[in-house]
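Have a look at start14.cif below; it lists mmCIF, N, CA and C atoms.
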```
data_structure
#
loop_
_atom_site.label_atom_id
_atom_site.label_comp_id
_atom_site.auth_asym_id
_atom_site.auth_seq_id
_atom_site.Cartn_x
_atom_site.Cartn_y
_atom_site.Cartn_z
N MET U 1 81.56 -13.89 22.84
CA MET U 1 81.15 -14.02 21.46
C MET U 1 80.17 -15.17 21.35
N LEU U 2 79.04 -14.90 20.79
CA LEU U 2 78.01 -15.92 20.60
C LEU U 2 78.29 -16.66 19.29
N ALA U 3 78.37 -17.99 19.38
CA ALA U 3 78.65 -18.79 18.19
C ALA U 3 77.80 -20.04 18.20
N ASP U 4 77.24 -20.38 17.06
CA ASP U 4 76.51 -21.63 16.92
C ASP U 4 77.50 -22.77 16.74
N VAL U 5 77.22 -23.88 17.40
CA VAL U 5 78.07 -25.06 17.29
C VAL U 5 77.19 -26.23 16.88
N GLU U 6 77.64 -26.98 15.89
CA GLU U 6 76.89 -28.15 15.45
C GLU U 6 76.69 -29.09 16.63
N LEU U 7 75.46 -29.53 16.86
CA LEU U 7 75.13 -30.35 18.02
C LEU U 7 76.03 -31.58 18.11
N ALA U 8 76.30 -32.23 17.01
CA ALA U 8 77.12 -33.44 17.03
C ALA U 8 78.56 -33.18 17.46
N LYS U 9 79.00 -31.92 17.39
CA LYS U 9 80.38 -31.58 17.79
C LYS U 9 80.43 -30.79 19.09
N SER U 10 79.30 -30.53 19.70
CA SER U 10 79.27 -29.69 20.90
C SER U 10 79.99 -30.31 22.09
N TYR U 11 80.13 -31.64 22.12
CA TYR U 11 80.83 -32.29 23.22
C TYR U 11 82.26 -31.78 23.35
N ARG U 12 82.85 -31.31 22.28
CA ARG U 12 84.23 -30.82 22.31
C ARG U 12 84.39 -29.62 23.23
N LEU U 13 83.31 -28.87 23.43
CA LEU U 13 83.37 -27.70 24.31
C LEU U 13 83.34 -28.09 25.78
N LEU U 14 82.94 -29.31 26.08
CA LEU U 14 82.80 -29.75 27.47
C LEU U 14 83.95 -30.63 27.94
N ASN U 15 84.74 -31.15 27.04
CA ASN U 15 85.79 -32.09 27.42
C ASN U 15 86.80 -31.52 28.41
N HIS U 16 87.05 -30.23 28.39
CA HIS U 16 88.03 -29.63 29.28
C HIS U 16 87.44 -29.21 30.63
N GLY U 17 86.15 -29.45 30.85
CA GLY U 17 85.52 -29.22 32.14
C GLY U 17 85.23 -27.79 32.52
N PRO U 18 84.68 -26.98 31.61
CA PRO U 18 84.41 -25.58 31.97
C PRO U 18 83.21 -25.47 32.91
N THR U 19 83.16 -24.38 33.66
CA THR U 19 81.92 -24.04 34.36
C THR U 19 80.95 -23.57 33.28
N VAL U 20 79.73 -24.05 33.34
CA VAL U 20 78.72 -23.71 32.33
C VAL U 20 77.58 -22.94 32.99
N LEU U 21 76.77 -22.33 32.16
CA LEU U 21 75.54 -21.70 32.62
C LEU U 21 74.38 -22.54 32.13
N VAL U 22 73.50 -22.92 33.05
CA VAL U 22 72.31 -23.68 32.71
C VAL U 22 71.13 -22.72 32.78
N SER U 23 70.47 -22.50 31.66
CA SER U 23 69.31 -21.63 31.65
C SER U 23 68.06 -22.47 31.45
N SER U 24 66.98 -22.03 32.10
CA SER U 24 65.74 -22.81 32.09
C SER U 24 64.55 -21.86 32.13
N ALA U 25 63.38 -22.40 31.78
CA ALA U 25 62.15 -21.61 31.82
C ALA U 25 60.96 -22.54 31.85
N ALA U 26 59.91 -22.09 32.53
CA ALA U 26 58.64 -22.84 32.56
C ALA U 26 57.55 -21.89 33.03
N ALA U 27 56.41 -21.94 32.39
CA ALA U 27 55.22 -21.18 32.79
C ALA U 27 55.52 -19.70 33.02
N GLY U 28 56.30 -19.10 32.11
CA GLY U 28 56.60 -17.68 32.20
C GLY U 28 57.70 -17.31 33.19
N ARG U 29 58.29 -18.30 33.84
CA ARG U 29 59.39 -18.05 34.78
C ARG U 29 60.69 -18.49 34.12
N ARG U 30 61.79 -17.87 34.49
CA ARG U 30 63.08 -18.23 33.91
C ARG U 30 64.16 -18.16 34.98
N ASN U 31 65.29 -18.80 34.71
CA ASN U 31 66.41 -18.77 35.64
C ASN U 31 67.68 -19.15 34.90
N VAL U 32 68.79 -18.80 35.52
CA VAL U 32 70.11 -19.19 35.03
C VAL U 32 70.96 -19.52 36.24
N MET U 33 71.76 -20.58 36.13
CA MET U 33 72.64 -20.98 37.23
C MET U 33 74.00 -21.39 36.67
N ALA U 34 75.01 -21.30 37.52
CA ALA U 34 76.34 -21.81 37.17
C ALA U 34 76.42 -23.27 37.60
N ALA U 35 77.05 -24.09 36.78
CA ALA U 35 77.23 -25.51 37.11
C ALA U 35 78.65 -25.92 36.76
N ALA U 36 79.30 -26.59 37.69
CA ALA U 36 80.68 -27.04 37.47
C ALA U 36 80.73 -28.48 36.99
N TRP U 37 79.64 -29.22 37.15
CA TRP U 37 79.63 -30.63 36.76
C TRP U 37 78.77 -30.82 35.53
N ALA U 38 79.40 -30.76 34.37
CA ALA U 38 78.72 -31.02 33.09
C ALA U 38 79.70 -31.78 32.22
N MET U 39 79.18 -32.74 31.47
CA MET U 39 80.06 -33.53 30.61
C MET U 39 79.28 -34.16 29.47
N PRO U 40 79.99 -34.49 28.37
CA PRO U 40 79.33 -35.22 27.30
C PRO U 40 78.99 -36.62 27.78
N LEU U 41 77.83 -37.13 27.37
CA LEU U 41 77.39 -38.45 27.81
C LEU U 41 77.34 -39.44 26.65
N ASP U 42 76.91 -38.97 25.48
CA ASP U 42 76.81 -39.86 24.32
C ASP U 42 76.95 -39.02 23.05
N PHE U 43 77.33 -39.67 21.97
CA PHE U 43 77.56 -38.96 20.72
C PHE U 43 76.39 -39.03 19.75
N ASP U 44 75.69 -40.15 19.70
CA ASP U 44 74.63 -40.31 18.72
C ASP U 44 73.43 -41.04 19.31
N PRO U 45 72.39 -40.32 19.67
CA PRO U 45 72.24 -38.87 19.55
C PRO U 45 73.07 -38.15 20.60
N PRO U 46 73.43 -36.88 20.34
CA PRO U 46 74.23 -36.13 21.30
C PRO U 46 73.48 -35.96 22.62
N LYS U 47 74.15 -36.26 23.72
CA LYS U 47 73.57 -36.11 25.05
C LYS U 47 74.63 -35.53 25.98
N VAL U 48 74.18 -34.73 26.94
CA VAL U 48 75.07 -34.21 27.98
C VAL U 48 74.49 -34.56 29.34
N LEU U 49 75.35 -34.56 30.33
CA LEU U 49 74.94 -34.77 31.70
C LEU U 49 75.33 -33.52 32.47
N VAL U 50 74.43 -32.98 33.26
CA VAL U 50 74.73 -31.84 34.12
C VAL U 50 74.10 -32.10 35.48
N VAL U 51 74.84 -31.80 36.53
CA VAL U 51 74.35 -32.02 37.89
C VAL U 51 73.64 -30.76 38.36
N ILE U 52 72.34 -30.91 38.72
CA ILE U 52 71.53 -29.80 39.22
C ILE U 52 70.86 -30.28 40.50
N ASP U 53 71.23 -29.70 41.62
CA ASP U 53 70.71 -30.12 42.92
C ASP U 53 69.18 -30.02 42.97
N LYS U 54 68.57 -30.93 43.73
CA LYS U 54 67.11 -30.97 43.85
C LYS U 54 66.52 -29.70 44.44
N SER U 55 67.28 -28.97 45.25
CA SER U 55 66.74 -27.81 45.95
C SER U 55 66.77 -26.53 45.12
N THR U 56 67.31 -26.57 43.90
CA THR U 56 67.47 -25.34 43.14
C THR U 56 66.23 -24.97 42.33
N TYR U 57 66.11 -23.68 42.09
CA TYR U 57 65.02 -23.16 41.27
C TYR U 57 65.16 -23.68 39.83
N THR U 58 66.39 -23.76 39.36
CA THR U 58 66.63 -24.29 38.01
C THR U 58 66.09 -25.70 37.89
N ARG U 59 66.34 -26.53 38.86
CA ARG U 59 65.84 -27.92 38.82
C ARG U 59 64.32 -27.93 38.74
N GLU U 60 63.67 -27.06 39.52
CA GLU U 60 62.21 -26.97 39.49
C GLU U 60 61.72 -26.64 38.07
N LEU U 61 62.37 -25.68 37.42
CA LEU U 61 61.97 -25.28 36.07
C LEU U 61 62.28 -26.36 35.04
N VAL U 62 63.42 -27.02 35.18
CA VAL U 62 63.78 -28.10 34.24
C VAL U 62 62.80 -29.26 34.37
N GLU U 63 62.44 -29.62 35.59
CA GLU U 63 61.47 -30.71 35.76
C GLU U 63 60.10 -30.33 35.22
N ALA U 64 59.71 -29.07 35.35
CA ALA U 64 58.41 -28.62 34.85
C ALA U 64 58.37 -28.58 33.33
N SER U 65 59.48 -28.19 32.70
CA SER U 65 59.49 -28.01 31.24
C SER U 65 60.11 -29.19 30.49
N GLY U 66 60.99 -29.93 31.15
CA GLY U 66 61.69 -31.03 30.49
C GLY U 66 62.82 -30.59 29.59
N GLU U 67 63.26 -29.34 29.72
CA GLU U 67 64.32 -28.84 28.85
C GLU U 67 65.16 -27.77 29.54
N PHE U 68 66.36 -27.57 28.99
CA PHE U 68 67.26 -26.52 29.46
C PHE U 68 68.24 -26.21 28.34
N VAL U 69 68.98 -25.13 28.49
CA VAL U 69 70.04 -24.78 27.55
C VAL U 69 71.36 -24.78 28.32
N LEU U 70 72.36 -25.42 27.76
CA LEU U 70 73.70 -25.44 28.34
C LEU U 70 74.52 -24.40 27.60
N ASN U 71 74.94 -23.36 28.31
CA ASN U 71 75.67 -22.24 27.73
C ASN U 71 77.12 -22.28 28.20
N ILE U 72 78.06 -22.05 27.29
CA ILE U 72 79.47 -21.98 27.64
C ILE U 72 79.83 -20.49 27.73
N PRO U 73 80.06 -19.98 28.95
CA PRO U 73 80.35 -18.55 29.08
C PRO U 73 81.74 -18.20 28.57
N CYS U 74 81.91 -16.94 28.18
CA CYS U 74 83.22 -16.45 27.75
C CYS U 74 83.93 -15.79 28.94
N ARG U 75 85.20 -15.54 28.78
CA ARG U 75 86.01 -14.95 29.85
C ARG U 75 85.41 -13.63 30.35
N ALA U 76 84.87 -12.82 29.46
CA ALA U 76 84.31 -11.53 29.85
C ALA U 76 83.10 -11.67 30.78
N GLN U 77 82.52 -12.86 30.86
CA GLN U 77 81.35 -13.09 31.72
C GLN U 77 81.71 -13.69 33.07
N ALA U 78 82.99 -13.74 33.42
CA ALA U 78 83.43 -14.41 34.64
C ALA U 78 82.73 -13.86 35.89
N GLU U 79 82.65 -12.55 36.04
CA GLU U 79 82.00 -11.97 37.22
C GLU U 79 80.52 -12.32 37.26
N GLN U 80 79.87 -12.33 36.12
CA GLN U 80 78.45 -12.68 36.07
C GLN U 80 78.24 -14.15 36.42
N VAL U 81 79.14 -15.01 35.99
CA VAL U 81 79.05 -16.43 36.32
C VAL U 81 79.16 -16.62 37.83
N VAL U 82 80.11 -15.92 38.46
CA VAL U 82 80.25 -16.00 39.91
C VAL U 82 78.98 -15.50 40.59
N ARG U 83 78.41 -14.43 40.08
CA ARG U 83 77.20 -13.87 40.69
C ARG U 83 76.03 -14.86 40.63
N VAL U 84 75.76 -15.43 39.45
CA VAL U 84 74.62 -16.36 39.36
C VAL U 84 74.89 -17.64 40.13
N GLY U 85 76.16 -17.96 40.34
CA GLY U 85 76.50 -19.13 41.14
C GLY U 85 76.48 -18.88 42.63
N SER U 86 76.27 -17.61 43.02
CA SER U 86 76.32 -17.24 44.44
C SER U 86 74.97 -16.85 45.02
N GLU U 87 73.93 -16.83 44.19
CA GLU U 87 72.61 -16.42 44.70
C GLU U 87 71.53 -17.36 44.17
N SER U 88 70.46 -17.43 44.91
CA SER U 88 69.33 -18.29 44.53
C SER U 88 68.42 -17.56 43.55
N GLY U 89 67.79 -18.32 42.68
CA GLY U 89 66.80 -17.75 41.77
C GLY U 89 65.41 -17.69 42.37
N HIS U 90 65.22 -18.30 43.54
CA HIS U 90 63.92 -18.23 44.21
C HIS U 90 63.64 -16.77 44.56
N GLY U 91 62.61 -16.19 43.96
CA GLY U 91 62.20 -14.83 44.29
C GLY U 91 63.02 -13.73 43.63
N ARG U 92 63.87 -14.07 42.68
CA ARG U 92 64.66 -13.03 42.00
C ARG U 92 64.94 -13.48 40.57
N ASP U 93 65.04 -12.50 39.68
CA ASP U 93 65.40 -12.76 38.29
C ASP U 93 66.92 -12.63 38.17
N LYS U 94 67.62 -13.76 38.11
CA LYS U 94 69.08 -13.72 38.08
C LYS U 94 69.62 -13.19 36.75
N PHE U 95 68.83 -13.23 35.69
CA PHE U 95 69.26 -12.57 34.46
C PHE U 95 69.39 -11.07 34.73
N ALA U 96 68.36 -10.49 35.34
CA ALA U 96 68.37 -9.05 35.61
C ALA U 96 69.43 -8.68 36.64
N SER U 97 69.55 -9.44 37.72
CA SER U 97 70.49 -9.07 38.79
C SER U 97 71.94 -9.27 38.39
N SER U 98 72.20 -10.15 37.44
CA SER U 98 73.59 -10.41 37.02
C SER U 98 74.01 -9.61 35.80
N GLY U 99 73.04 -9.09 35.07
CA GLY U 99 73.35 -8.39 33.83
C GLY U 99 73.48 -9.30 32.62
N LEU U 100 73.23 -10.60 32.81
CA LEU U 100 73.24 -11.52 31.67
C LEU U 100 71.98 -11.29 30.83
N ALA U 101 72.13 -11.33 29.53
CA ALA U 101 70.99 -11.08 28.64
C ALA U 101 70.45 -12.39 28.08
N PRO U 102 69.15 -12.66 28.29
CA PRO U 102 68.55 -13.86 27.70
C PRO U 102 68.22 -13.63 26.23
N LEU U 103 68.41 -14.67 25.44
CA LEU U 103 68.04 -14.66 24.02
C LEU U 103 67.13 -15.85 23.77
N PRO U 104 66.20 -15.74 22.82
CA PRO U 104 65.37 -16.91 22.51
C PRO U 104 66.21 -18.05 21.94
N ALA U 105 65.92 -19.25 22.36
CA ALA U 105 66.57 -20.44 21.79
C ALA U 105 65.82 -20.83 20.52
N ARG U 106 66.46 -21.60 19.67
CA ARG U 106 65.83 -21.98 18.40
C ARG U 106 64.88 -23.17 18.52
N LYS U 107 65.16 -24.08 19.46
CA LYS U 107 64.39 -25.32 19.49
C LYS U 107 63.70 -25.61 20.81
N VAL U 108 64.00 -24.86 21.86
CA VAL U 108 63.38 -25.09 23.17
C VAL U 108 62.89 -23.77 23.73
N GLY U 109 62.07 -23.84 24.77
CA GLY U 109 61.52 -22.64 25.39
C GLY U 109 62.47 -21.95 26.35
N ALA U 110 63.48 -22.66 26.84
CA ALA U 110 64.46 -22.06 27.74
C ALA U 110 65.32 -21.07 26.97
N PRO U 111 65.70 -19.95 27.59
CA PRO U 111 66.51 -18.97 26.87
C PRO U 111 67.97 -19.36 26.75
N ARG U 112 68.64 -18.82 25.75
CA ARG U 112 70.10 -18.88 25.66
C ARG U 112 70.64 -17.66 26.42
N VAL U 113 71.93 -17.65 26.66
CA VAL U 113 72.58 -16.50 27.30
C VAL U 113 73.43 -15.80 26.25
N ALA U 114 73.21 -14.50 26.08
CA ALA U 114 74.03 -13.72 25.15
C ALA U 114 75.44 -13.59 25.71
N GLY U 115 76.41 -13.52 24.81
CA GLY U 115 77.77 -13.32 25.31
C GLY U 115 78.81 -13.55 24.26
#
```

Whole structure given in structure tokens:
Amino acid sequence: MLADVELAKSYRLLNHGPTVLVSSAAAGRRNVMAAAWAMPLDFDPPKVLVVIDKSTYTRELVEASGEFVLNIPCRAQAEQVVRVGSESGHGRDKFASSGLAPLPARKVGAPRVAG
């Protein structure tokens, strides 16, 4: 279920340590990855910390664009989360290969994940 969450309260979704989906885009390219290390960093302004290895395609896109979307997947997306966490985005569209649907974000160029 896709739900909007007030940015100032979004940290509540991360306190229990869920695996998240990090979606990114730059210069017409896009990617999505699973990340197990994400946490709230500050409340005002709201900030999050997510660990993205230097060798990943997502990191390349985040560094090129300066932005990403942190998505909290639902239980029904468990198999898709495992799939995007098990393959590289170099040379493949992981949205297409996993069946995850990208949606436009409201404030950044990186897509959201439908779900």

In region 19-83 of chain U, DSSP helix (DSSP H, G or I) residues written as a list in words: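 Here is the list: Tyr57, Thr58, Arg59, Glu60, Leu61, Val62, Glu63, Ala64, Ser65, Arg75, Ala76, Gln77, Ala78, Glu79, Gln80, Val81, Val82 and Arg83 of chain U.
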
request  = Identify all residues satisfying the PyMOL selection byres ((chain U and resi 90) around 7) in the given file; provide them as number ranges by chain.
outcome  = U: 56-58, 87-89, 91-93

Suppose we keep N, CA and C atoms; can you now write the selection as a PDB file, in the frame of the given file?
```
ATOM      1  N   THR U  56      67.310 -26.570  43.900  1.00  0.00           N
ATOM      2  CA  THR U  56      67.470 -25.340  43.140  1.00  0.00           C
ATOM      3  C   THR U  56      66.230 -24.970  42.330  1.00  0.00           C
ATOM      4  N   TYR U  57      66.110 -23.680  42.090  1.00  0.00           N
ATOM      5  CA  TYR U  57      65.020 -23.160  41.270  1.00  0.00           C
ATOM      6  C   TYR U  57      65.160 -23.680  39.830  1.00  0.00           C
ATOM      7  N   THR U  58      66.390 -23.760  39.360  1.00  0.00           N
ATOM      8  CA  THR U  58      66.630 -24.290  38.010  1.00  0.00           C
ATOM      9  C   THR U  58      66.090 -25.700  37.890  1.00  0.00           C
ATOM     10  N   GLU U  87      73.930 -16.830  44.190  1.00  0.00           N
ATOM     11  CA  GLU U  87      72.610 -16.420  44.700  1.00  0.00           C
ATOM     12  C   GLU U  87      71.530 -17.360  44.170  1.00  0.00           C
ATOM     13  N   SER U  88      70.460 -17.430  44.910  1.00  0.00           N
ATOM     14  CA  SER U  88      69.330 -18.290  44.530  1.00  0.00           C
ATOM     15  C   SER U  88      68.420 -17.560  43.550  1.00  0.00           C
ATOM     16  N   GLY U  89      67.790 -18.320  42.680  1.00  0.00           N
ATOM     17  CA  GLY U  89      66.800 -17.750  41.770  1.00  0.00           C
ATOM     18  C   GLY U  89      65.410 -17.690  42.370  1.00  0.00           C
ATOM     19  N   GLY U  91      62.610 -16.190  43.960  1.00  0.00           N
ATOM     20  CA  GLY U  91      62.200 -14.830  44.290  1.00  0.00           C
ATOM     21  C   GLY U  91      63.020 -13.730  43.630  1.00  0.00           C
ATOM     22  N   ARG U  92      63.870 -14.070  42.680  1.00  0.00           N
ATOM     23  CA  ARG U  92      64.660 -13.030  42.000  1.00  0.00           C
ATOM     24  C   ARG U  92      64.940 -13.480  40.570  1.00  0.00           C
ATOM     25  N   ASP U  93      65.040 -12.500  39.680  1.00  0.00           N
ATOM     26  CA  ASP U  93      65.400 -12.760  38.290  1.00  0.00           C
ATOM     27  C   ASP U  93      66.920 -12.630  38.170  1.00  0.00           C
TER      28      ASP U  93
END
```

Tell me, in Å to one decimal, how far atom N of Val62 (chain U) is from atom C of Ala8 (chain U).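 It comes out at 24.1 Å.
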
Starting from the PyMOL selection byres ((chain U and resi 112) around 6), expand the selection into actual residues of this file and give them as a list of chain:residue names.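 Checking the PyMOL selection byres ((chain U and resi 112) around 6) against this file, the residues are U:Ala101, U:Pro102, U:Leu103, U:Pro104, U:Ala105, U:Ala110, U:Pro111, U:Val113, U:Ala114.
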
Q) Hey, which of U:Trp37, U:Val108, U:Glu67, U:Val82 ends up closest to Leu49 (chain U)? Count only N, CA and C atoms. A)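 Ranked by minimum distance to Leu49 (chain U), first place goes to U:Trp37.
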
For each of U:Ala3, U:Val51, U:Leu100, U:Leu21, take the minimum atom-to-atom distance to Met39 (chain U), counting only N, CA and C atoms, then give the residue where this is smallest.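 Between U:Ala3, U:Val51, U:Leu100, U:Leu21, the residue approaching Met39 (chain U) most closely is U:Val51.
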
How would you write, as JSON, numbers by chain, the residues chosen by the PyMOL selection byres (((chain U and resi 64 and name CA) around 12) and name CA) on this structure? {"U": [24, 25, 26, 27, 28, 29, 30, 57, 58, 59, 60, 61, 62, 63, 65, 66, 67, 68, 109, 110]}
